[in-house]
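Coordinates from coords_1.cif are shown below (mmCIF, C-alpha atoms).
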data_run
loop_
_atom_site.label_atom_id
_atom_site.label_comp_id
_atom_site.auth_asym_id
_atom_site.auth_seq_id
_atom_site.Cartn_x
_atom_site.Cartn_y
_atom_site.Cartn_z
CA MET A 1 109.56 -109.15 3.87
CA GLU A 2 111.34 -112.45 3.68
CA GLY A 3 111.51 -112.82 7.50
CA ASP A 4 107.72 -112.64 7.73
CA GLU A 5 107.13 -115.25 5.03
CA GLU A 6 105.91 -118.64 6.10
CA GLU A 7 108.66 -121.27 6.19
CA ASP A 8 108.67 -123.91 3.51
CA TYR A 9 108.52 -127.16 5.48
CA MET A 10 109.60 -129.12 2.38
CA SER A 11 112.73 -127.03 1.78
CA ASP A 12 116.26 -128.36 2.36
CA LEU A 13 116.87 -125.69 5.02
CA PHE A 14 114.05 -126.95 7.21
CA LEU A 15 114.94 -130.58 6.70
CA LYS A 16 118.56 -129.96 7.80
CA GLN A 17 117.47 -128.47 11.16
CA ASP A 18 118.02 -130.44 14.35
CA VAL A 19 114.66 -131.85 15.33
CA ARG A 20 115.72 -133.86 18.39
CA PRO A 21 113.06 -133.95 21.18
CA GLY A 22 113.33 -131.00 23.59
CA LEU A 23 115.50 -128.70 21.46
CA PRO A 24 112.68 -126.44 20.20
CA MET A 25 111.56 -125.83 23.80
CA VAL A 26 115.12 -124.93 24.92
CA ARG A 27 115.50 -122.58 21.97
CA ARG A 28 112.24 -120.81 22.79
CA VAL A 29 113.26 -120.39 26.44
CA LYS A 30 116.61 -118.87 25.47
CA GLU A 31 114.94 -116.51 23.07
CA ALA A 32 112.45 -115.43 25.74
CA ILE A 33 115.28 -114.74 28.21
CA GLN A 34 117.25 -112.72 25.65
CA LYS A 35 114.15 -110.74 24.75
CA GLU A 36 113.49 -109.98 28.42
CA GLU A 37 117.09 -108.80 29.01
CA LYS A 38 116.92 -106.53 25.97
CA GLN A 39 113.65 -105.08 27.23
CA LYS A 40 115.21 -104.36 30.65
CA GLU A 41 118.17 -102.61 29.02
CA ALA A 42 115.82 -100.48 26.91
CA ASN A 43 113.75 -99.57 29.96
CA GLU A 44 116.90 -98.63 31.91
CA LYS A 45 118.09 -96.36 29.10
CA ASN A 46 114.70 -94.70 28.71
CA ARG A 47 114.12 -94.29 32.45
CA GLN A 48 114.42 -90.73 33.65
CA LYS A 49 116.93 -90.36 36.46
CA SER A 50 115.85 -88.78 39.70
CA ILE A 51 117.30 -85.52 40.98
CA LYS A 52 119.25 -87.34 43.71
CA GLU A 53 120.79 -89.73 41.19
CA GLU A 54 121.83 -86.86 38.93
CA GLU A 55 123.34 -84.98 41.88
CA LYS A 56 125.24 -88.09 42.96
CA GLU A 57 126.64 -88.66 39.47
CA ARG A 58 127.76 -85.02 39.19
CA ARG A 59 129.29 -85.13 42.68
CA ASP A 60 131.15 -88.38 41.99
CA LEU A 61 132.43 -86.98 38.71
CA VAL A 62 133.74 -83.84 40.39
CA LEU A 63 135.34 -85.74 43.27
CA LYS A 64 137.08 -88.17 40.92
CA SER A 65 138.53 -85.43 38.71
CA ALA A 66 141.83 -83.84 39.77
CA LEU A 67 142.10 -80.15 40.59
CA GLY A 68 143.16 -77.99 37.68
CA ASN A 69 145.15 -74.79 37.44
CA ASP A 70 141.94 -72.80 37.52
CA ASN A 71 141.44 -73.81 41.17
CA LYS A 72 142.70 -70.99 43.42
CA GLY A 73 143.84 -73.27 46.21
CA PHE A 74 145.78 -75.51 43.85
CA ALA A 75 147.32 -72.44 42.17
CA LEU A 76 148.58 -71.17 45.55
CA LEU A 77 150.13 -74.57 46.29
CA GLN A 78 151.93 -74.55 42.96
CA LYS A 79 153.35 -71.09 43.69
CA MET A 80 154.80 -72.49 46.93
CA GLY A 81 156.56 -75.28 45.00
CA TYR A 82 153.99 -78.04 45.21
CA LYS A 83 153.77 -80.49 42.32
CA SER A 84 150.88 -82.78 41.54
CA GLY A 85 151.31 -86.23 43.18
CA GLN A 86 153.64 -85.02 45.93
CA ALA A 87 152.90 -85.29 49.63
CA LEU A 88 152.26 -82.15 51.63
CA GLY A 89 154.80 -80.72 54.03
CA LYS A 90 158.29 -79.34 53.77
CA SER A 91 159.90 -82.79 53.89
CA GLY A 92 157.01 -84.65 52.21
CA GLU A 93 155.67 -86.34 55.35
CA GLY A 94 152.09 -85.16 54.86
CA ILE A 95 149.14 -86.71 53.03
CA VAL A 96 149.08 -87.31 49.28
CA GLU A 97 145.36 -87.79 48.71
CA PRO A 98 142.81 -85.20 49.85
CA ILE A 99 140.73 -85.84 52.94
CA PRO A 100 137.70 -87.87 51.80
CA LEU A 101 134.35 -86.15 51.75
CA ASN A 102 131.58 -87.94 53.62
CA ILE A 103 128.18 -86.93 52.29
CA LYS A 104 125.23 -87.29 54.67
CA THR A 105 122.30 -88.67 52.68
CA GLY A 106 119.94 -89.71 55.49
CA ARG A 107 117.35 -87.57 57.21
CA SER A 108 118.43 -88.33 60.79
CA GLY A 109 120.07 -85.67 62.91
CA LEU A 110 123.79 -85.30 63.50
CA GLY A 111 125.12 -87.83 65.98
CA HIS A 112 122.13 -90.14 65.54
CA GLU A 113 124.19 -92.99 64.10
CA GLU A 114 126.75 -92.69 66.90
CA LEU A 115 123.94 -92.78 69.44
CA LYS A 116 122.47 -95.92 67.86
CA LYS A 117 125.89 -97.55 67.83
CA ARG A 118 126.51 -96.66 71.47
CA LYS A 119 123.11 -97.99 72.54
CA ALA A 120 123.72 -101.24 70.65
CA GLU A 121 127.10 -101.64 72.39
CA GLU A 122 125.53 -100.94 75.79
CA LYS A 123 122.80 -103.50 75.10
CA LEU A 124 125.38 -106.08 74.11
CA GLU A 125 127.46 -105.33 77.21
CA ASN A 126 124.39 -105.68 79.46
CA TYR A 127 123.61 -109.02 77.82
CA ARG A 128 127.15 -110.21 78.44
CA GLN A 129 126.99 -109.11 82.07
CA LYS A 130 123.72 -110.99 82.56
CA LEU A 131 125.26 -114.14 81.07
CA HIS A 132 128.30 -113.74 83.35
CA MET A 133 126.12 -113.24 86.44
CA LYS A 134 123.99 -116.24 85.51
CA LYS A 135 127.11 -118.35 85.07
CA GLN A 136 128.44 -117.23 88.46
CA ALA A 137 125.08 -118.00 90.12
CA ASN A 138 125.08 -121.50 88.59
CA GLU A 139 128.64 -122.10 89.76
CA GLN A 140 127.81 -120.92 93.29
CA ALA A 141 124.72 -123.15 93.39
CA ALA A 142 126.82 -126.11 92.25
CA ASP A 143 129.48 -125.36 94.91
CA GLN A 144 126.85 -125.10 97.63
CA PHE A 145 125.31 -128.39 96.53
CA ARG A 146 128.70 -130.11 96.65
CA ILE A 147 129.38 -128.67 100.12
CA ARG A 148 125.98 -129.80 101.42
CA PHE A 149 126.42 -133.23 99.86
CA LYS A 150 129.90 -133.58 101.34
CA THR A 151 128.68 -132.42 104.76
CA LYS A 152 125.81 -134.89 104.64
CA GLN A 153 128.19 -137.71 103.75
CA GLU A 154 130.51 -136.75 106.61
CA GLU A 155 127.58 -136.69 109.03
CA ARG A 156 126.47 -140.15 107.93
CA LYS A 157 130.00 -141.45 108.30
CA MET A 158 130.23 -139.99 111.82
CA GLU A 159 126.91 -141.58 112.74
CA GLY A 160 128.19 -144.94 111.51
CA ASP A 161 131.44 -144.51 113.46
CA LEU A 162 129.49 -143.58 116.58
CA ARG A 163 127.29 -146.69 116.34
CA LYS A 164 130.38 -148.81 115.85
CA SER A 165 132.00 -147.20 118.90
CA GLN A 166 128.84 -147.77 120.98
CA ARG A 167 128.81 -151.47 120.10
CA ALA A 168 132.50 -151.81 120.95
CA CYS A 169 131.99 -149.91 124.24
CA GLN A 170 129.09 -152.13 125.24
CA GLN A 171 131.03 -155.29 124.45
CA LEU A 172 134.18 -154.18 126.27
CA ASP A 173 132.24 -152.90 129.31
CA MET A 174 130.36 -156.19 129.62
CA GLN A 175 133.66 -158.08 129.45
CA LYS A 176 134.68 -156.07 132.54
CA ASP A 177 131.34 -156.87 134.21
CA ILE A 178 130.11 -153.30 133.83
CA ASP A 179 126.33 -153.57 133.75
CA VAL A 180 125.49 -149.90 133.42
CA PRO A 181 127.20 -147.62 130.84
CA LYS A 182 128.97 -144.54 132.08
CA GLU A 183 126.64 -142.46 129.94
CA THR A 184 123.31 -143.69 128.68
CA TRP A 185 124.30 -143.05 125.07
CA PHE A 186 127.60 -144.99 125.42
CA TRP A 187 125.67 -148.15 124.57
CA ILE A 188 123.15 -148.76 121.81
CA GLU A 189 119.63 -149.27 123.10
CA PRO A 190 118.43 -152.90 122.71
CA GLU A 191 115.62 -151.96 120.32
CA GLU A 192 118.14 -150.15 118.08
CA GLU A 193 120.49 -153.08 117.69
CA ASN A 194 118.79 -154.48 114.61
CA LYS A 195 118.16 -151.20 112.84
CA LYS A 196 119.62 -150.91 109.32
CA ASP A 197 121.93 -148.06 108.36
CA GLU A 198 119.57 -146.13 106.11
CA GLU A 199 119.94 -142.57 104.84
CA ASP A 200 116.78 -141.39 106.57
CA ASP A 201 117.56 -142.95 109.95
CA GLU A 202 116.99 -140.62 112.86
CA ASP A 203 119.85 -139.92 115.23
CA GLU A 204 119.87 -142.67 117.84
CA CYS A 205 121.58 -140.42 120.34
CA THR A 206 118.79 -138.06 121.29
CA SER A 207 119.37 -138.39 125.02
CA SER A 208 121.57 -135.31 125.27
CA ASP A 209 122.29 -132.02 123.58
CA LEU A 210 125.68 -133.15 122.34
CA SER A 211 126.30 -133.37 118.63
CA VAL A 212 127.32 -136.58 116.90
CA SER A 213 130.86 -135.27 116.50
CA GLU A 214 131.14 -134.40 120.20
CA LYS A 215 129.76 -137.78 121.28
CA LEU A 216 132.16 -139.59 118.96
CA HIS A 217 135.11 -137.66 120.39
CA ILE A 218 134.06 -138.34 124.02
CA LEU A 219 133.38 -142.02 123.43
CA THR A 220 136.66 -142.49 121.55
CA ALA A 221 138.57 -140.97 124.48
CA TYR A 222 136.69 -143.25 126.96
CA LEU A 223 137.53 -146.38 124.93
CA ARG A 224 141.19 -145.41 124.80
CA GLU A 225 141.47 -144.54 128.49
CA GLU A 226 139.29 -147.28 129.94
CA HIS A 227 139.89 -150.19 127.57
CA PHE A 228 143.02 -149.13 125.63
CA TYR A 229 140.92 -149.66 122.52
CA CYS A 230 141.17 -147.69 119.26
CA ILE A 231 138.02 -147.74 117.19
CA TRP A 232 139.96 -146.69 114.08
CA CYS A 233 142.56 -149.44 114.39
CA GLY A 234 140.03 -151.99 115.68
CA THR A 235 142.67 -153.12 118.18
CA THR A 236 142.80 -153.45 121.97
CA TYR A 237 146.29 -152.60 123.27
CA GLU A 238 147.92 -153.94 126.43
CA ASP A 239 148.23 -150.63 128.24
CA SER A 240 148.31 -146.87 127.71
CA GLU A 241 151.99 -146.93 126.78
CA ASP A 242 151.41 -149.58 124.14
CA LEU A 243 148.45 -147.58 122.85
CA SER A 244 150.32 -144.27 122.61
CA SER A 245 153.37 -145.81 120.95
CA ASN A 246 151.58 -147.97 118.37
CA CYS A 247 148.33 -146.11 117.64
CA PRO A 248 148.69 -143.13 115.28
CA GLY A 249 146.01 -140.97 116.90
CA ASP A 250 142.47 -140.63 118.14
CA SER A 251 140.65 -139.71 114.95
CA ALA A 252 140.01 -141.13 111.51
CA ALA A 253 142.19 -138.45 109.90
CA ASP A 254 145.18 -139.55 111.96
CA HIS A 255 144.75 -143.10 110.66
CA ASP A 256 144.51 -142.17 106.97
#

Reformat the file's structure so that it appears as structure tokens.
Amino acid sequence: MEGDEEEDYMSDLFLKQDVRPGLPMVRRVKEAIQKEEKQKEANEKNRQKSIKEEEKERRDLVLKSALGNDNKGFALLQKMGYKSGQALGKSGEGIVEPIPLNIKTGRSGLGHEELKKRKAEEKLENYRQKLHMKKQANEQAADQFRIRFKTKQEERKMEGDLRKSQRACQQLDMQKDIDVPKETWFWIEPEEENKKDEEDDEDECTSSDLSVSEKLHILTAYLREEHFYCIWCGTTYEDSEDLSSNCPGDSAADHD
């Protein structure tokens, strides 16, 4: 055969071919791909279909084909006035297409898919609840931290106000030649005078069971009654009338 004959490399046909570098390799790759695709098509045609595939093809063919006059149900509908393509019902409000047929092909029992779906939804809901509870716990922890931090700041501020009130009380008492404070904790002890206001300072007023807030309230009232002095204003008034008329109140909140 002519196709099997060896090519004449001196012929005009061979000399006219494109001999640029790389083109023979590209041509051979394309030919190999085409040959492989043809082989796949031949294998697909020659492959024997399984019983399930044949049943599926026959079922799809039957379901896609319209009912003919030989169908008893369709014949009864036609006797009652039904025409192909119309909707069911006296006034045509029913369905046009038949109810689709769902074929079960798996080996699992009835309701298994619904059970799997329900379990997956429950698992997802439990995960969401855990995330929500974790978020709430983090928010509560943050709120508690802010409350503790705020309380600690308020306590430190009260301690500073108490020390300031003790210094003012000692100075004002000594100006009136009072050598002994009314209460031992009204004045700052001499060894505590030079202490710095640090965060870890111990409470200087350990001489009684009163809290810092209670001591501050009592000492503030003493300074106002005895010396007409307001620790918040930093002012000594002439008398009680001058104090009551010009001083807003007896606490830091009243002076804000």

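Excluding Trp187 of chain A and any residue on its chain fewer than 5 positions from it, the residues at most 7 Å away by all atoms listed in the file are Gln166, Arg167, Cys169, Gln170 and Pro181 of chain A.
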
Given the file above and the PyMOL selection byres ((chain A and resi 162) around 12), which residues are selected, and can you give them as a ChimeraX atom specification? /A:155-161,163-169,185-188,203-205,211-220,223,231-232,251-252

One number please: atom CA of Gly68 of chain A to atom CA of Ser84 of chain A, in Å, one decimal.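 Taking atom CA of Gly68 of chain A and atom CA of Ser84 of chain A, their separation equals 9.9 Å.
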
Selection dump of the PyMOL selection byres ((chain A and resi 98) around 12), as a list in words: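 Expected selection for the PyMOL selection byres ((chain A and resi 98) around 12) here is Leu63, Lys64, Ser65, Ala66, Leu67, Phe74, Ser84, Gly85, Gln86, Ala87, Leu88, Gly94, Ile95, Val96, Glu97, Ile99, Pro100 and Leu101 of chain A.
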
Each residue of segment 49-71 of chain A with at least one atom at most 12 Å from segment 105-123 of chain A should appear once, together with its nearest atom pair and the corresponding distance in Å (one decimal); atoms considered: all atoms listed in the file; ordering: chain, then increasing residue number; output as a Markdown table.
| residue | atom | partner | partner_atom | distance |
| --- | --- | --- | --- | --- |
| A:Lys52 | CA | A:Thr105 | CA | 9.6 |
| A:Glu53 | CA | A:Thr105 | CA | 11.6 |
| A:Glu55 | CA | A:Thr105 | CA | 11.5 |
| A:Lys56 | CA | A:Thr105 | CA | 10.2 |

In Å, rounded to a single decimal, give me how far atom CA of Leu210 of chain A is from atom CA of Glu154 of chain A. 16.8 Å

All residues 9 Å or closer to Tyr237 of chain A, only C-alpha atoms, same chain fewer than 5 positions away omitted, as a PyMOL selection string: chain A and resi 224+227-230+242-243+246-247

Two-atom distance - atom CA of Thr235 of chain A, atom CA of Thr184 of chain A (Å):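 Result for atom CA of Thr235 of chain A versus atom CA of Thr184 of chain A: 24.0 Å, one decimal.
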